[in-house]
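Shown below: coords_39.pdb, with PDB, C-alpha atoms.
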ATOM      1  CA  MET A   1       0.000   0.000   0.000
ATOM      2  CA  ILE A   2       1.427   3.342  -1.071
ATOM      3  CA  VAL A   3       0.842   5.977   1.604
ATOM      4  CA  LYS A   4       1.042   9.702   0.873
ATOM      5  CA  ILE A   5       0.984  12.283   3.649
ATOM      6  CA  CYS A   6      -0.089  15.568   2.095
ATOM      7  CA  GLY A   7       0.152  19.173   3.244
ATOM      8  CA  ILE A   8       3.678  18.922   4.650
ATOM      9  CA  GLN A   9       4.944  22.317   5.833
ATOM     10  CA  SER A  10       7.986  21.502   7.965
ATOM     11  CA  VAL A  11      11.016  19.231   8.065
ATOM     12  CA  GLU A  12       9.710  17.812  11.347
ATOM     13  CA  ALA A  13       6.385  16.754   9.842
ATOM     14  CA  GLY A  14       8.119  15.330   6.794
ATOM     15  CA  GLN A  15      10.584  13.372   8.902
ATOM     16  CA  THR A  16       7.798  12.012  11.098
ATOM     17  CA  ALA A  17       5.987  10.777   8.003
ATOM     18  CA  VAL A  18       9.153   9.203   6.620
ATOM     19  CA  ASP A  19      10.030   7.517   9.925
ATOM     20  CA  ALA A  20       6.506   6.072  10.124
ATOM     21  CA  GLY A  21       6.817   4.551   6.654
ATOM     22  CA  ALA A  22       5.302   7.101   4.248
ATOM     23  CA  ASP A  23       6.113   6.482   0.587
ATOM     24  CA  MET A  24       5.203   9.985  -0.616
ATOM     25  CA  ILE A  25       4.870  13.430   0.905
ATOM     26  CA  GLY A  26       2.777  16.187  -0.621
ATOM     27  CA  PHE A  27       3.461  19.905  -0.890
ATOM     28  CA  VAL A  28       0.503  22.176  -1.638
ATOM     29  CA  PHE A  29       1.125  25.008  -4.098
ATOM     30  CA  ALA A  30      -2.549  25.941  -4.488
ATOM     31  CA  ASP A  31      -4.779  28.196  -2.389
ATOM     32  CA  SER A  32      -4.831  26.492   1.004
ATOM     33  CA  ARG A  33      -3.865  27.023   4.614
ATOM     34  CA  ARG A  34      -1.246  24.344   3.947
ATOM     35  CA  ARG A  35       0.346  26.212   1.042
ATOM     36  CA  VAL A  36       4.142  26.385   0.886
ATOM     37  CA  SER A  37       6.547  28.164  -1.432
ATOM     38  CA  PRO A  38       8.677  26.206  -3.925
ATOM     39  CA  GLU A  39      11.736  27.197  -1.897
ATOM     40  CA  GLN A  40      10.203  25.899   1.345
ATOM     41  CA  ALA A  41       9.367  22.602  -0.333
ATOM     42  CA  ALA A  42      12.872  22.290  -1.747
ATOM     43  CA  GLY A  43      14.383  22.933   1.666
ATOM     44  CA  ILE A  44      12.213  20.304   3.335
ATOM     45  CA  GLY A  45      12.786  17.786   0.550
ATOM     46  CA  LYS A  46      16.560  18.099   0.772
ATOM     47  CA  LYS A  47      16.432  16.916   4.402
ATOM     48  CA  LEU A  48      14.493  13.757   3.555
ATOM     49  CA  PRO A  49      15.689  10.494   1.952
ATOM     50  CA  ASP A  50      15.515  10.129  -1.824
ATOM     51  CA  HIS A  51      13.282   7.054  -1.773
ATOM     52  CA  VAL A  52      10.392   9.151  -0.447
ATOM     53  CA  LYS A  53       8.735  10.744  -3.462
ATOM     54  CA  LYS A  54       7.904  14.456  -3.388
ATOM     55  CA  VAL A  55       4.508  15.363  -4.840
ATOM     56  CA  GLY A  56       3.393  18.870  -5.739
ATOM     57  CA  VAL A  57      -0.330  19.640  -5.536
ATOM     58  CA  PHE A  58      -1.678  22.206  -8.013
ATOM     59  CA  VAL A  59      -5.074  23.647  -8.953
ATOM     60  CA  ASN A  60      -5.383  25.229 -12.407
ATOM     61  CA  GLU A  61      -1.809  26.531 -12.310
ATOM     62  CA  PRO A  62      -0.560  28.054 -15.593
ATOM     63  CA  ILE A  63       1.604  25.359 -17.172
ATOM     64  CA  GLU A  64       4.700  27.585 -17.405
ATOM     65  CA  SER A  65       4.458  28.391 -13.695
ATOM     66  CA  LEU A  66       3.910  24.752 -12.775
ATOM     67  CA  LEU A  67       7.025  23.658 -14.640
ATOM     68  CA  VAL A  68       9.140  26.282 -12.869
ATOM     69  CA  ILE A  69       7.774  25.303  -9.446
ATOM     70  CA  ALA A  70       8.328  21.612 -10.174
ATOM     71  CA  GLU A  71      11.965  22.270 -11.011
ATOM     72  CA  THR A  72      12.584  24.607  -8.063
ATOM     73  CA  ALA A  73      10.968  22.255  -5.553
ATOM     74  CA  GLU A  74      12.604  19.184  -7.173
ATOM     75  CA  LEU A  75       9.298  17.353  -7.401
ATOM     76  CA  ASP A  76       8.971  13.696  -8.411
ATOM     77  CA  TYR A  77       5.214  13.761  -9.123
ATOM     78  CA  ILE A  78       2.645  16.377 -10.085
ATOM     79  CA  GLN A  79      -0.837  16.090  -8.555
ATOM     80  CA  LEU A  80      -3.588  18.019 -10.339
ATOM     81  CA  HIS A  81      -6.774  18.980  -8.481
ATOM     82  CA  GLY A  82      -8.304  21.453 -10.904
ATOM     83  CA  ASP A  83      -9.915  21.475 -14.321
ATOM     84  CA  GLU A  84      -6.721  20.644 -16.181
ATOM     85  CA  THR A  85      -7.287  19.147 -19.625
ATOM     86  CA  PRO A  86      -5.628  16.016 -21.005
ATOM     87  CA  ASP A  87      -3.559  18.246 -23.308
ATOM     88  CA  TYR A  88      -2.333  20.213 -20.287
ATOM     89  CA  THR A  89      -1.160  16.981 -18.698
ATOM     90  CA  LYS A  90       0.834  16.004 -21.779
ATOM     91  CA  ALA A  91       3.016  19.095 -21.326
ATOM     92  CA  ILE A  92       4.181  17.900 -17.898
ATOM     93  CA  ARG A  93       7.364  15.898 -18.108
ATOM     94  CA  LYS A  94       6.894  14.123 -14.795
ATOM     95  CA  PRO A  95       4.526  11.409 -13.547
ATOM     96  CA  VAL A  96       1.028  12.802 -12.972
ATOM     97  CA  ILE A  97      -1.616  12.020 -10.348
ATOM     98  CA  LYS A  98      -4.989  13.428 -11.454
ATOM     99  CA  ALA A  99      -7.640  14.001  -8.823
ATOM    100  CA  PHE A 100     -11.330  13.524  -9.569
ATOM    101  CA  SER A 101     -14.097  14.674  -7.233
ATOM    102  CA  VAL A 102     -16.615  11.857  -6.858
ATOM    103  CA  GLY A 103     -20.234  12.698  -6.177
ATOM    104  CA  SER A 104     -21.905  10.262  -8.579
ATOM    105  CA  GLU A 105     -21.087   7.442 -11.001
ATOM    106  CA  ASP A 106     -20.983   9.967 -13.841
ATOM    107  CA  ASP A 107     -17.904  11.578 -12.289
ATOM    108  CA  LEU A 108     -15.951   8.377 -12.921
ATOM    109  CA  LYS A 109     -16.547   8.437 -16.670
ATOM    110  CA  GLN A 110     -13.770  11.007 -17.052
ATOM    111  CA  LEU A 111     -11.090   8.562 -15.947
ATOM    112  CA  ALA A 112     -10.929   6.464 -19.095
ATOM    113  CA  ASP A 113      -9.649   9.216 -21.384
ATOM    114  CA  TYR A 114      -7.295  10.968 -19.002
ATOM    115  CA  PRO A 115      -3.542  10.444 -19.551
ATOM    116  CA  CYS A 116      -2.005  10.086 -16.102
ATOM    117  CA  ASP A 117      -0.021   7.639 -14.008
ATOM    118  CA  TYR A 118      -2.503   7.521 -11.116
ATOM    119  CA  TYR A 119      -6.158   8.448 -10.686
ATOM    120  CA  LEU A 120      -6.979   9.941  -7.287
ATOM    121  CA  LEU A 121     -10.609   9.716  -6.192
ATOM    122  CA  ASP A 122     -11.543  12.431  -3.713
ATOM    123  CA  SER A 123     -14.652  13.851  -2.104
ATOM    124  CA  PRO A 124     -16.431  16.749  -3.834
ATOM    125  CA  ALA A 125     -14.755  20.134  -3.448
ATOM    126  CA  GLU A 126     -15.780  22.416  -0.589
ATOM    127  CA  ALA A 127     -13.780  25.488   0.446
ATOM    128  CA  TYR A 128     -10.729  24.021  -1.252
ATOM    129  CA  ARG A 129     -10.132  21.308  -3.823
ATOM    130  CA  GLY A 130      -9.052  18.485  -1.532
ATOM    131  CA  GLY A 131      -8.043  18.468   2.113
ATOM    132  CA  ASN A 132     -11.577  19.062   3.366
ATOM    133  CA  GLY A 133     -11.768  16.026   5.607
ATOM    134  CA  THR A 134     -14.960  14.516   4.206
ATOM    135  CA  THR A 135     -15.479  11.084   2.663
ATOM    136  CA  PHE A 136     -17.498  10.178  -0.408
ATOM    137  CA  ASP A 137     -19.599   7.095  -1.082
ATOM    138  CA  TRP A 138     -16.874   4.467  -1.552
ATOM    139  CA  SER A 139     -19.300   2.098  -3.266
ATOM    140  CA  LEU A 140     -19.093   4.445  -6.273
ATOM    141  CA  ALA A 141     -15.475   3.364  -6.669
ATOM    142  CA  SER A 142     -16.338  -0.330  -6.918
ATOM    143  CA  SER A 143     -16.572  -0.301 -10.712
ATOM    144  CA  GLU A 144     -14.474  -3.052 -12.255
ATOM    145  CA  THR A 145     -13.430  -0.677 -15.032
ATOM    146  CA  ILE A 146     -11.222   1.325 -12.639
ATOM    147  CA  PRO A 147      -7.638  -0.016 -12.723
ATOM    148  CA  ARG A 148      -6.832  -0.695  -9.074
ATOM    149  CA  GLU A 149      -3.075  -0.643  -9.684
ATOM    150  CA  ARG A 150      -3.378   3.028 -10.694
ATOM    151  CA  LEU A 151      -5.900   4.131  -8.097
ATOM    152  CA  PHE A 152      -5.360   6.421  -5.102
ATOM    153  CA  LEU A 153      -8.102   7.035  -2.552
ATOM    154  CA  ALA A 154      -8.469  10.308  -0.637
ATOM    155  CA  GLY A 155     -11.110  12.293   1.207
ATOM    156  CA  GLY A 156     -11.853  12.081   4.922
ATOM    157  CA  LEU A 157      -9.458   9.224   5.615
ATOM    158  CA  HIS A 158      -8.049   8.690   9.110
ATOM    159  CA  ALA A 159      -6.700   5.850  11.243
ATOM    160  CA  GLY A 160     -10.206   4.839  12.290
ATOM    161  CA  ASN A 161     -11.603   4.259   8.806
ATOM    162  CA  ILE A 162      -8.612   3.505   6.596
ATOM    163  CA  GLN A 163      -8.860  -0.274   6.909
ATOM    164  CA  GLN A 164     -12.536  -0.248   5.892
ATOM    165  CA  ALA A 165     -11.721   2.098   3.001
ATOM    166  CA  ILE A 166      -8.973  -0.199   1.728
ATOM    167  CA  GLU A 167     -11.212  -3.257   2.014
ATOM    168  CA  GLU A 168     -14.034  -1.592   0.061
ATOM    169  CA  VAL A 169     -12.006   0.144  -2.645
ATOM    170  CA  SER A 170      -8.746  -1.879  -2.944
ATOM    171  CA  PRO A 171      -6.647   1.103  -4.065
ATOM    172  CA  ALA A 172      -2.946   1.023  -4.853
ATOM    173  CA  GLY A 173      -2.431   3.993  -2.568
ATOM    174  CA  VAL A 174      -4.078   6.299  -0.046
ATOM    175  CA  ASP A 175      -3.664  10.039   0.462
ATOM    176  CA  VAL A 176      -4.334  11.862   3.743
ATOM    177  CA  SER A 177      -3.985  15.416   5.008
ATOM    178  CA  SER A 178      -6.538  16.685   7.531
ATOM    179  CA  GLY A 179      -7.000  13.174   8.918
ATOM    180  CA  VAL A 180      -3.531  13.309  10.491
ATOM    181  CA  GLU A 181      -3.876  16.808  11.928
ATOM    182  CA  THR A 182      -4.853  18.299  15.274
ATOM    183  CA  ASP A 183      -5.919  21.942  15.324
ATOM    184  CA  GLY A 184      -4.718  22.365  11.746
ATOM    185  CA  GLN A 185      -1.218  21.044  12.362
ATOM    186  CA  LYS A 186       0.305  17.680  11.485
ATOM    187  CA  ASP A 187       0.095  15.398  14.518
ATOM    188  CA  PRO A 188       2.984  12.900  14.876
ATOM    189  CA  ILE A 189       0.832  10.382  16.725
ATOM    190  CA  LYS A 190      -1.963  10.497  14.118
ATOM    191  CA  ILE A 191       0.562  10.181  11.287
ATOM    192  CA  LYS A 192       2.050   7.042  12.837
ATOM    193  CA  GLN A 193      -1.365   5.557  13.598
ATOM    194  CA  PHE A 194      -2.607   6.190  10.069
ATOM    195  CA  ILE A 195       0.406   4.705   8.312
ATOM    196  CA  THR A 196       0.444   1.678  10.616
ATOM    197  CA  ALA A 197      -3.258   1.037   9.938
ATOM    198  CA  ALA A 198      -2.913   1.597   6.179
ATOM    199  CA  LYS A 199      -0.025  -0.840   5.832
ATOM    200  CA  ARG A 200      -1.482  -3.477   8.156
ATOM    201  CA  GLY A 201      -1.830  -6.892   6.548
ATOM    202  CA  GLN A 202       0.416  -6.177   3.553
TER     203      GLN A 202
END
Please express the file's structure as structure tokens.
Amino acid sequence: MIVKICGIQSVEAGQTAVDAGADMIGFVFADSRRRVSPEQAAGIGKKLPDHVKKVGVFVNEPIESLLVIAETAELDYIQLHGDETPDYTKAIRKPVIKAFSVGSEDDLKQLADYPCDYYLLDSPAEAYRGGNGTTFDWSLASSETIPRERLFLAGGLHAGNIQQAIEEVSPAGVDVSSGVETDGQKDPIKIKQFITAAKRGQ
């Protein structure tokens, strides 16, 4: 099970995630209380081991700006949470994770034609695109047409529900942000509990 801890804003939070077994850490470059600068992300990333992949989260960023940020922050993956087109994705010369808000079965029809390395299924947008701490109806993700080996699950995940989520959806990876926070800050205990629960039974 690939585990991504998103919304990292400090070396300490990143190191806690790495020590607990995270495979990816996410830096938010979109409008969010978790937003960091490319320079901040680069500084944090340099203190962490190379095997942990650095993911940049973007929402409708102009492609030229995205490419500059990706280089400055030394990102390994690009995660798109906006209305980016398939053509936009083709201009990115790094692996892409494309997020899709899931409110109905119709929302999943977009997946088939989208060129990306991973599909990330998330709850419908609220104040921000992602990181809102709410789940969606996981039964919508049970379609046999969704390639499980390329599927990430996000939205309202935490240590208490991650095992059920994995059993119902069978994703390749899971992505969490608010579910490992206390009072808006990354909580070392919740990070460890989440990763332990997500990787249980592998």
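Considering only C-alpha atoms, the residue among A:Lys54, A:Ile2, A:Ala198, A:Gly14 positioned nearest to Lys186 (chain A) is A:Gly14.
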Across A:Val55, A:Val96, A:Lys109, A:Ile8, the smallest distance to Arg33 (chain A), with only C-alpha atoms counted, is shown by A:Ile8
Calculated over all atoms listed in the file, which of the candidates A:Pro147, A:Gly156, A:Glu71, A:Ile189 has the smallest distance to Ser170 (chain A)?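 The closest residue to Ser170 (chain A) is A:Pro147.
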What would the list of residues within 10 Å of (5.2, 13.0, -9.0) (file frame) look like as a PyMOL selection string, if only C-alpha atoms are what count? chain A and resi 24-26+53-57+70+74-79+93-97+117-118
CA of Met1 (chain A) to CA of Gly173 (chain A), distance in Å rounded to a single decimal: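 Value for the CA of Met1 (chain A)-CA of Gly173 (chain A) distance: 5.3 Å.
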Residues in the PyMOL selection byres ((chain A and resi 46) around 12), expressed as an MDAnalysis selection string: chainID A and resid 10:11 14:15 39:45 47:54 72:75
One number please: CA of Ala20 (chain A) to CA of Gly160 (chain A), in Å, one decimal.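 Between CA of Ala20 (chain A) and CA of Gly160 (chain A) the gap is 16.9 Å.
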Residue neighbourhood Asp113 (chain A), 12 Å, only C-alpha atoms, exclusion window fewer than 3 positions, as an MDAnalysis selection string: chainID A and resid 85:87 89 98 108:110 116 119 146
Once you have the residues from the selection above, write them out as a compact mmCIF listing (two decimals), in the coordinates of the input, restricted to C-alpha atoms.
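Result saved to out36.txt:
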# COMPACT_ATOMS: atom_id res chain seq x y z
CA THR A 85 -7.29 19.15 -19.62
CA PRO A 86 -5.63 16.02 -21.00
CA ASP A 87 -3.56 18.25 -23.31
CA THR A 89 -1.16 16.98 -18.70
CA LYS A 98 -4.99 13.43 -11.45
CA LEU A 108 -15.95 8.38 -12.92
CA LYS A 109 -16.55 8.44 -16.67
CA GLN A 110 -13.77 11.01 -17.05
CA CYS A 116 -2.00 10.09 -16.10
CA TYR A 119 -6.16 8.45 -10.69
CA ILE A 146 -11.22 1.32 -12.64
Neighbouring residues of Gly155 (chain A) were defined as those with any atom within 6 Å, considering only C-alpha atoms; residues of the same chain fewer than 5 positions away were excluded. Please report them as a ChimeraX atom specification. /A:122-123,133-135
Need the shell around Phe100 (chain A): protein/DNA/RNA residues with any atom at most 12 Å away, counting all atoms listed in the file. Skip same-chain ones fewer than 5 positions apart. Format as a PyMOL selection string? chain A and resi 59+79-84+105-112+114+116+118-125+129-130+136+141+151-155
Could you write out that same residue set with C-alpha atoms as an mmCIF file, in the frame of the given file?
data_model
loop_
_atom_site.group_PDB
_atom_site.id
_atom_site.type_symbol
_atom_site.label_atom_id
_atom_site.label_comp_id
_atom_site.auth_asym_id
_atom_site.auth_seq_id
_atom_site.Cartn_x
_atom_site.Cartn_y
_atom_site.Cartn_z
ATOM 1 C CA VAL A 59 -5.074 23.647 -8.953
ATOM 2 C CA GLN A 79 -0.837 16.090 -8.555
ATOM 3 C CA LEU A 80 -3.588 18.019 -10.339
ATOM 4 C CA HIS A 81 -6.774 18.980 -8.481
ATOM 5 C CA GLY A 82 -8.304 21.453 -10.904
ATOM 6 C CA ASP A 83 -9.915 21.475 -14.321
ATOM 7 C CA GLU A 84 -6.721 20.644 -16.181
ATOM 8 C CA GLU A 105 -21.087 7.442 -11.001
ATOM 9 C CA ASP A 106 -20.983 9.967 -13.841
ATOM 10 C CA ASP A 107 -17.904 11.578 -12.289
ATOM 11 C CA LEU A 108 -15.951 8.377 -12.921
ATOM 12 C CA LYS A 109 -16.547 8.437 -16.670
ATOM 13 C CA GLN A 110 -13.770 11.007 -17.052
ATOM 14 C CA LEU A 111 -11.090 8.562 -15.947
ATOM 15 C CA ALA A 112 -10.929 6.464 -19.095
ATOM 16 C CA TYR A 114 -7.295 10.968 -19.002
ATOM 17 C CA CYS A 116 -2.005 10.086 -16.102
ATOM 18 C CA TYR A 118 -2.503 7.521 -11.116
ATOM 19 C CA TYR A 119 -6.158 8.448 -10.686
ATOM 20 C CA LEU A 120 -6.979 9.941 -7.287
ATOM 21 C CA LEU A 121 -10.609 9.716 -6.192
ATOM 22 C CA ASP A 122 -11.543 12.431 -3.713
ATOM 23 C CA SER A 123 -14.652 13.851 -2.104
ATOM 24 C CA PRO A 124 -16.431 16.749 -3.834
ATOM 25 C CA ALA A 125 -14.755 20.134 -3.448
ATOM 26 C CA ARG A 129 -10.132 21.308 -3.823
ATOM 27 C CA GLY A 130 -9.052 18.485 -1.532
ATOM 28 C CA PHE A 136 -17.498 10.178 -0.408
ATOM 29 C CA ALA A 141 -15.475 3.364 -6.669
ATOM 30 C CA LEU A 151 -5.900 4.131 -8.097
ATOM 31 C CA PHE A 152 -5.360 6.421 -5.102
ATOM 32 C CA LEU A 153 -8.102 7.035 -2.552
ATOM 33 C CA ALA A 154 -8.469 10.308 -0.637
ATOM 34 C CA GLY A 155 -11.110 12.293 1.207
#
